[in-house]
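The next block is start-v7.cif, given as mmCIF, C-alpha atoms.
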data_model
#
loop_
_atom_site.label_atom_id
_atom_site.label_comp_id
_atom_site.auth_asym_id
_atom_site.auth_seq_id
_atom_site.Cartn_x
_atom_site.Cartn_y
_atom_site.Cartn_z
CA VAL L 1 -9.13 -15.84 -19.91
CA ILE L 2 -6.60 -13.26 -18.59
CA SER L 3 -5.66 -9.80 -19.84
CA VAL L 4 -2.55 -7.66 -19.22
CA TYR L 5 -2.88 -3.89 -18.92
CA ASP L 6 -0.30 -1.11 -18.77
CA TYR L 7 -1.42 1.42 -16.17
CA GLY L 8 1.84 3.41 -16.01
CA ASN L 9 -0.26 6.39 -17.05
CA PRO L 10 -3.47 6.12 -14.98
CA SER L 11 -5.28 8.52 -17.32
CA ASP L 12 -4.48 6.31 -20.32
CA ILE L 13 -4.66 2.65 -19.24
CA ARG L 14 -3.69 0.47 -22.20
CA LEU L 15 -4.56 -3.15 -23.02
CA VAL L 16 -1.27 -4.91 -23.79
CA LYS L 17 -2.42 -8.47 -24.48
CA LYS L 18 -5.37 -10.79 -24.07
CA PHE L 19 -4.58 -14.42 -23.29
CA ALA L 20 -7.25 -16.75 -24.67
CA ALA L 21 -7.68 -20.41 -23.72
CA ALA L 22 -5.61 -21.45 -26.74
CA ASP L 23 -2.63 -19.50 -25.36
CA PHE L 24 -2.67 -21.93 -22.42
CA GLY L 25 -2.80 -24.97 -24.72
CA TYR L 26 -6.59 -25.41 -24.61
CA ASP L 27 -7.20 -25.52 -28.35
CA GLY L 28 -10.35 -27.69 -28.31
CA SER L 29 -8.64 -30.70 -29.90
CA THR L 30 -9.81 -33.04 -27.11
CA ALA L 31 -12.10 -32.83 -24.08
CA LEU L 32 -9.07 -32.35 -21.84
CA LYS L 33 -7.86 -29.58 -24.14
CA THR L 34 -11.19 -27.74 -24.21
CA CYS L 35 -12.01 -24.74 -22.03
CA ASP L 36 -15.63 -24.81 -20.87
CA GLU L 37 -16.53 -22.68 -17.88
CA ALA L 38 -19.67 -24.76 -17.41
CA GLY L 39 -17.47 -27.82 -16.86
CA LYS L 40 -19.65 -30.06 -19.05
CA SER L 41 -17.80 -30.50 -22.34
CA GLY L 42 -14.34 -29.56 -21.14
CA LEU L 43 -12.34 -28.10 -18.26
CA MET L 44 -13.05 -24.99 -16.23
CA LEU L 45 -9.89 -22.87 -16.04
CA SER L 46 -11.46 -20.55 -13.43
CA PRO L 47 -8.58 -18.10 -12.84
CA HIS L 48 -8.61 -16.73 -9.29
CA GLY L 49 -5.83 -15.25 -7.19
CA THR L 50 -2.81 -13.31 -8.40
CA GLY L 51 0.55 -12.21 -7.02
CA SER L 52 3.89 -10.81 -8.13
CA SER L 53 7.49 -11.58 -7.18
CA ALA L 54 10.13 -8.93 -6.50
CA ALA L 55 12.79 -11.62 -7.04
CA SER L 56 11.71 -12.75 -10.51
CA GLY L 57 9.70 -9.80 -11.77
CA ARG L 58 7.00 -12.23 -12.89
CA VAL L 59 3.25 -12.18 -12.24
CA TYR L 60 1.51 -15.38 -11.05
CA HIS L 61 -2.12 -16.31 -11.58
CA PHE L 62 -3.76 -19.52 -10.35
CA LEU L 63 -6.07 -21.45 -12.69
CA THR L 64 -8.15 -23.00 -9.93
CA GLY L 65 -10.04 -25.39 -12.19
CA THR L 66 -6.97 -27.16 -13.55
CA GLY L 67 -4.46 -26.59 -10.74
CA GLN L 68 -2.06 -24.75 -13.02
CA LEU L 69 -0.06 -21.69 -12.04
CA ALA L 70 0.25 -19.29 -14.97
CA ILE L 71 3.57 -17.41 -14.84
CA PHE L 72 3.59 -14.20 -16.87
CA ASP L 73 6.60 -12.26 -18.08
CA ILE L 74 5.06 -8.81 -18.47
CA ASP L 75 8.31 -6.91 -19.08
CA THR L 76 8.77 -8.21 -22.61
CA GLU L 77 7.38 -6.26 -25.57
CA THR L 78 4.75 -8.97 -25.95
CA PRO L 79 3.96 -10.67 -22.60
CA THR L 80 4.47 -14.43 -22.49
CA VAL L 81 3.08 -17.15 -20.22
CA LYS L 82 4.40 -20.43 -18.83
CA LEU L 83 2.28 -23.03 -17.02
CA LEU L 84 3.33 -24.90 -13.89
CA GLN L 85 1.11 -27.86 -12.94
CA THR L 86 0.29 -28.53 -9.27
CA SER L 87 -1.67 -31.47 -7.86
CA GLY L 88 -4.24 -29.20 -6.18
CA THR L 89 -7.35 -27.36 -7.36
CA GLY L 90 -9.55 -24.56 -6.09
CA GLY L 91 -8.46 -21.54 -4.13
CA ALA L 92 -8.46 -17.76 -4.13
CA SER L 93 -4.97 -16.61 -3.24
CA VAL L 94 -1.40 -16.39 -4.55
CA LYS L 95 0.86 -14.68 -2.04
CA ASP L 96 4.52 -13.70 -2.24
CA MET L 97 6.79 -14.36 0.73
CA PRO L 98 9.09 -11.54 1.91
CA GLY L 99 11.80 -11.02 -0.70
CA GLY L 100 9.71 -12.66 -3.43
CA ARG L 101 11.80 -15.83 -3.85
CA PHE L 102 8.86 -18.05 -2.89
CA MET L 103 5.12 -17.87 -3.54
CA VAL L 104 2.45 -19.74 -1.55
CA VAL L 105 -0.83 -20.94 -3.08
CA PRO L 106 -3.51 -22.21 -0.64
CA GLN L 107 -5.63 -24.80 -2.48
CA ARG L 108 -9.01 -26.33 -1.57
CA GLY L 109 -8.20 -29.75 -2.97
CA PRO L 110 -7.27 -32.53 -2.50
CA ARG L 111 -9.70 -32.78 0.42
CA GLU L 112 -11.78 -35.35 2.28
CA LEU L 113 -15.15 -34.19 0.95
CA HIS L 114 -16.31 -32.27 -2.13
CA GLN L 115 -13.90 -30.72 -4.67
CA LYS L 116 -13.03 -34.16 -6.17
CA ALA L 117 -12.86 -35.65 -2.63
CA ASP L 118 -9.56 -37.44 -3.16
CA GLY L 119 -7.87 -36.45 0.09
CA ALA L 120 -7.49 -38.04 3.52
CA PRO L 121 -10.06 -37.79 6.34
CA CYS L 122 -10.03 -34.29 7.90
CA GLN L 123 -8.07 -32.87 4.94
CA ILE L 124 -9.29 -29.45 3.78
CA GLY L 125 -6.80 -28.82 0.97
CA GLN L 126 -3.10 -28.34 0.47
CA LEU L 127 -0.48 -25.59 0.47
CA ALA L 128 1.62 -25.33 -2.68
CA VAL L 129 4.96 -23.52 -2.41
CA ILE L 130 6.52 -22.19 -5.63
CA ASP L 131 10.16 -21.24 -6.16
CA ALA L 132 9.72 -18.09 -8.24
CA VAL L 133 13.35 -17.94 -9.37
CA THR L 134 13.72 -21.53 -10.61
CA GLU L 135 10.02 -21.66 -11.62
CA GLN L 136 9.40 -25.03 -10.04
CA ILE L 137 7.22 -26.48 -7.30
CA ALA L 138 9.14 -26.42 -4.03
CA ALA L 139 6.55 -28.36 -2.00
CA GLN L 140 2.91 -29.46 -1.83
CA LEU L 141 1.74 -29.98 1.74
CA PRO L 142 -1.61 -31.60 2.72
CA VAL L 143 -3.56 -29.46 5.20
CA PHE L 144 -5.86 -30.75 7.93
CA TYR L 145 -8.52 -28.94 9.95
CA GLY L 146 -7.28 -27.89 13.39
CA GLU L 147 -4.42 -30.12 14.46
CA PRO L 148 -2.01 -31.41 11.77
CA THR L 149 -2.59 -34.91 13.18
CA CYS L 150 -6.38 -34.78 12.69
CA ARG L 151 -7.72 -37.79 10.79
CA SER L 152 -11.32 -37.72 12.02
CA SER L 153 -13.94 -37.39 9.31
CA LEU L 154 -15.56 -33.97 8.87
CA ALA L 155 -18.66 -35.48 7.26
CA GLY L 156 -21.87 -34.06 8.69
CA THR L 157 -20.08 -31.39 10.75
CA PRO L 158 -20.17 -27.61 10.26
CA GLN L 159 -16.55 -27.91 9.09
CA GLU L 160 -17.44 -30.25 6.21
CA ARG L 161 -16.99 -27.36 3.77
CA ALA L 162 -13.99 -25.77 5.51
CA ALA L 163 -11.71 -24.26 2.86
CA LEU L 164 -8.29 -22.63 2.73
CA GLN L 165 -8.47 -19.01 1.66
CA TYR L 166 -6.09 -16.05 1.95
CA ALA L 167 -2.45 -16.39 3.04
CA MET L 168 -0.49 -13.89 5.14
CA PRO L 169 3.24 -14.36 5.88
CA SER L 170 4.94 -13.09 9.00
CA PRO L 171 7.40 -10.22 8.36
CA ASP L 172 10.40 -12.56 8.72
CA GLY L 173 8.92 -15.02 6.22
CA ARG L 174 9.28 -18.00 8.53
CA THR L 175 5.56 -18.42 9.25
CA VAL L 176 2.46 -18.29 7.06
CA PHE L 177 -1.09 -17.86 8.35
CA VAL L 178 -3.96 -19.03 6.11
CA GLN L 179 -7.58 -18.16 6.85
CA VAL L 180 -9.98 -21.12 6.88
CA GLY L 181 -13.48 -20.22 5.69
CA ALA L 182 -16.54 -22.41 5.22
CA LEU L 183 -18.12 -22.28 1.79
CA TYR L 184 -21.59 -23.60 1.00
CA ALA L 185 -23.80 -25.50 3.42
CA PRO L 186 -23.51 -29.28 3.88
CA PRO L 187 -26.83 -31.15 4.04
CA SER L 188 -26.82 -31.61 7.81
CA ALA L 189 -25.25 -28.44 9.28
CA ALA L 190 -24.73 -24.75 8.58
CA PRO L 191 -21.14 -24.10 7.46
CA SER L 192 -18.74 -22.80 10.08
CA SER L 193 -15.01 -22.57 10.71
CA SER L 194 -13.15 -21.42 13.82
CA MET L 195 -9.51 -21.81 12.85
CA VAL L 196 -6.52 -20.05 11.30
CA ALA L 197 -4.12 -22.58 9.75
CA VAL L 198 -0.43 -21.98 10.49
CA PHE L 199 2.66 -23.20 8.63
CA ASP L 200 6.39 -23.23 9.30
CA LEU L 201 8.15 -22.05 6.13
CA SER L 202 11.62 -21.62 7.57
CA ASP L 203 12.61 -24.16 4.89
CA PRO L 204 10.25 -23.52 1.94
CA TYR L 205 11.20 -26.87 0.40
CA ARG L 206 10.10 -28.65 3.59
CA PRO L 207 7.10 -26.72 4.98
CA ALA L 208 5.26 -28.09 8.01
CA GLN L 209 1.74 -27.51 9.29
CA LEU L 210 1.68 -26.24 12.87
CA PRO L 211 -1.28 -26.38 15.30
CA SER L 212 -4.06 -24.10 14.10
CA ILE L 213 -5.16 -21.05 16.10
CA PRO L 214 -8.75 -21.22 17.43
CA ILE L 215 -10.69 -18.02 16.73
CA GLY L 216 -14.33 -16.96 16.55
CA ALA L 217 -16.77 -18.68 14.21
CA GLY L 218 -17.13 -17.56 10.63
CA ASP L 219 -18.63 -18.66 7.34
CA GLY L 220 -18.15 -17.67 3.73
CA THR L 221 -14.89 -15.95 2.82
CA ARG L 222 -12.65 -14.67 5.61
CA ASP L 223 -10.49 -11.60 5.18
CA HIS L 224 -7.59 -10.64 7.43
CA ALA L 225 -5.01 -7.89 7.91
CA ILE L 226 -1.63 -7.66 9.56
CA SER L 227 -0.76 -4.49 11.45
CA GLY L 228 1.79 -2.16 9.89
CA ASP L 229 4.45 -3.23 12.41
CA GLY L 230 3.82 -6.90 11.60
CA LYS L 231 3.01 -7.81 15.20
CA LEU L 232 -0.74 -8.43 15.08
CA LEU L 233 -2.98 -10.40 12.71
CA ILE L 234 -6.60 -9.21 12.71
CA VAL L 235 -9.37 -11.63 11.66
CA PRO L 236 -13.15 -10.91 11.48
CA ASN L 237 -15.57 -13.58 12.75
CA SER L 238 -18.77 -13.24 10.75
CA LEU L 239 -20.89 -15.66 12.80
CA ASP L 240 -19.80 -14.30 16.18
CA ASN L 241 -19.99 -10.61 15.15
CA SER L 242 -16.49 -10.13 16.52
CA VAL L 243 -12.85 -9.66 15.59
CA SER L 244 -9.94 -11.80 16.82
CA VAL L 245 -6.50 -10.26 17.43
CA ILE L 246 -3.59 -12.71 17.06
CA ASP L 247 -0.05 -12.15 18.31
CA VAL L 248 2.05 -13.12 15.27
CA ALA L 249 5.14 -14.11 17.26
CA LYS L 250 3.25 -16.13 19.89
CA ARG L 251 0.71 -17.53 17.40
CA ASP L 252 -2.07 -17.01 19.93
CA VAL L 253 -5.21 -14.89 20.31
CA VAL L 254 -4.51 -11.94 22.61
CA GLY L 255 -7.87 -10.22 22.31
CA THR L 256 -11.39 -10.43 20.92
CA PHE L 257 -13.85 -7.54 20.59
CA ALA L 258 -17.42 -7.14 19.38
CA THR L 259 -18.07 -5.34 16.11
CA VAL L 260 -20.74 -4.84 13.46
CA ALA L 261 -22.99 -7.71 12.38
CA LYS L 262 -21.34 -10.26 10.06
CA PRO L 263 -17.97 -8.53 9.58
CA HIS L 264 -16.06 -9.74 6.50
CA ARG L 265 -13.40 -7.14 5.64
CA VAL L 266 -10.78 -5.50 7.83
CA VAL L 267 -7.83 -3.10 7.55
CA THR L 268 -5.67 -1.42 10.19
CA PHE L 269 -3.90 1.91 10.48
CA GLY L 270 -1.53 3.21 13.16
CA GLU L 271 0.06 6.63 13.48
CA GLN L 272 3.51 5.09 13.81
CA THR L 273 3.07 1.94 11.73
CA GLY L 274 0.92 3.11 8.84
CA PRO L 275 -1.66 0.98 6.98
CA SER L 276 -1.99 -2.79 6.86
CA LYS L 277 -2.63 -2.91 3.11
CA PRO L 278 0.17 -2.18 0.59
CA VAL L 279 0.36 1.43 -0.61
CA GLY L 280 2.79 0.88 -3.47
CA PRO L 281 6.32 2.24 -3.99
CA ALA L 282 7.20 5.69 -2.77
CA THR L 283 8.58 8.24 -5.24
CA LEU L 284 10.91 11.02 -4.14
CA ALA L 285 10.91 14.20 -6.20
CA ALA L 286 14.36 15.52 -7.12
CA LYS L 287 15.14 18.96 -5.73
#
Could the structure of this file be written out as structure tokens, please?
Amino acid sequence: VISVYDYGNPSDIRLVKKFAAADFGYDGSTALKTCDEAGKSGLMLSPHGTGSSAASGRVYHFLTGTGQLAIFDIDTETPTVKLLQTSGTGGASVKDMPGGRFMVVPQRGPRELHQKADGAPCQIGQLAVIDAVTEQIAAQLPVFYGEPTCRSSLAGTPQERAALQYAMPSPDGRTVFVQVGALYAPPSAAPSSSMVAVFDLSDPYRPAQLPSIPIGAGDGTRDHAISGDGKLLIVPNSLDNSVSVIDVAKRDVVGTFATVAKPHRVVTFGEQTGPSKPVGPATLAAK
């Protein structure tokens, strides 16, 4: 299901341990204890999304099929794993907040339609917040399309398949932005989403959904990037062939520009601020 590698020496990457389904308790003794990626005679574990915490030193991987967060201790001689059960399923992202004390996991269920369809009208998933130090669930917040107060059905609309995707925290860790994509086409309309979901995480144990930010239309999976100075969030709009520029502090679009057809990926680089994507720790040579 998941493997751990030691890449301390890039020229000699070493397999440390393979975790099979049985290591997660899925020993085949019952249907609910059977791993079956076809989802017919058992459960799909479907691992997707990984992150690490500077506060705990652990690595976190989301089993999207069962809603479990696998917590790995990779600093022991033989890596170990602990499972933390959430009430959500589906997703593609596990993101550490600044400092690493808390992790956020955008999940595609519960929701109004599809993906078990056990949510409220207008619901497109939930945001799980994990305390990485105490290894417990801090909060699970239902998420609605657009306004947090939305309770209008999405059935038959282009947003019927709207789905939470990648999370990006503000540099101060008080706000989290989550891209909302639109996966798979509903019967009556082509999938589309025009929102970035926003959350107040000033108290991670009591997160709150804020009004979403309207952006250009997109389908499929949305990427995003935050500028090196943390001031701007850049989001590609695949259906509008454009890119939206969001002021992180104001939580508002400050610019939109045309780009290549169906843009999906984006990074930034500034002479003074550096790249938007992590470059890893810096090493200083002793003189």
Notebook entry, point to check: Hey, what comes out of the PyMOL selection byres ((chain L and resi 164) around 6) on this file? Could you write it as a list of chain:residue names?
Noted result: L:Pro106, L:Arg108, L:Ala163, L:Gln165, L:Val180
Next item on the list: For the structure provided, state which residues fall under the PyMOL selection byres ((chain L and resi 196) around 10), and present them as number ranges by chain.
Entry: L: 145-146, 164-165, 167, 177-181, 193-195, 197-198, 211-216, 222, 235, 246, 251
Next item on the list: Find the residues around segment 47-50 of chain L up to 10 Å (all atoms listed in the file counted), leave out those fewer than 4 positions away in its own chain, and share them as a PyMOL selection string.
Entry: chain L and resi 1-2+59-71+90-96+105-106+165-166
Written selection (C-alpha atoms) as a compact mmCIF listing (two decimals), keeping the file's coordinate frame:
# COMPACT_ATOMS: atom_id res chain seq x y z
CA VAL L 1 -9.13 -15.84 -19.91
CA ILE L 2 -6.60 -13.26 -18.59
CA VAL L 59 3.25 -12.18 -12.24
CA TYR L 60 1.51 -15.38 -11.05
CA HIS L 61 -2.12 -16.31 -11.58
CA PHE L 62 -3.76 -19.52 -10.35
CA LEU L 63 -6.07 -21.45 -12.69
CA THR L 64 -8.15 -23.00 -9.93
CA GLY L 65 -10.04 -25.39 -12.19
CA THR L 66 -6.97 -27.16 -13.55
CA GLY L 67 -4.46 -26.59 -10.74
CA GLN L 68 -2.06 -24.75 -13.02
CA LEU L 69 -0.06 -21.69 -12.04
CA ALA L 70 0.25 -19.29 -14.97
CA ILE L 71 3.57 -17.41 -14.84
CA GLY L 90 -9.55 -24.56 -6.09
CA GLY L 91 -8.46 -21.54 -4.13
CA ALA L 92 -8.46 -17.76 -4.13
CA SER L 93 -4.97 -16.61 -3.24
CA VAL L 94 -1.40 -16.39 -4.55
CA LYS L 95 0.86 -14.68 -2.04
CA ASP L 96 4.52 -13.70 -2.24
CA VAL L 105 -0.83 -20.94 -3.08
CA PRO L 106 -3.51 -22.21 -0.64
CA GLN L 165 -8.47 -19.01 1.66
CA TYR L 166 -6.09 -16.05 1.95
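If you count only C-alpha atoms and ignore residues fewer than 5 places along the chain from Leu232 of chain L, what sits within 12 Å of it is Met168, Pro169, Ser170, Pro171, Phe177, His224, Ala225, Ile226, Ser227, Ser244, Val245, Ile246, Asp247, Val248, Ala249, Lys250, Arg251, Asp252, Val253, Val254, Gly255, Val267, Thr268, Phe269, Gly270, Thr273 and Ser276 of chain L.
Pairwise distance (atom CA of Ile234 of chain L, atom CA of Met97 of chain L) equals 18.7 Å.
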Next item on the list: Please provide the set of residues having any atom within 12 Å of Leu141 of chain L, restricted to all atoms listed in the file, with same-chain residues fewer than 6 positions apart removed, written as number ranges by chain.
Entry: L: 86-88, 104-111, 119, 123-130, 148, 199-201, 204-210
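Taking atom CA of Ala258 of chain L and atom CA of Gly156 of chain L as the two end points, the separation is 29.3 Å.
One finds atom CA of Arg101 of chain L at 6.9 Å from atom CA of Ser53 of chain L.
Proximity to Gly100 of chain L was assessed for L:Ser52, L:Gln136, L:Thr80, L:Thr259 counting only C-alpha atoms; the smallest distance is recorded for L:Ser52.
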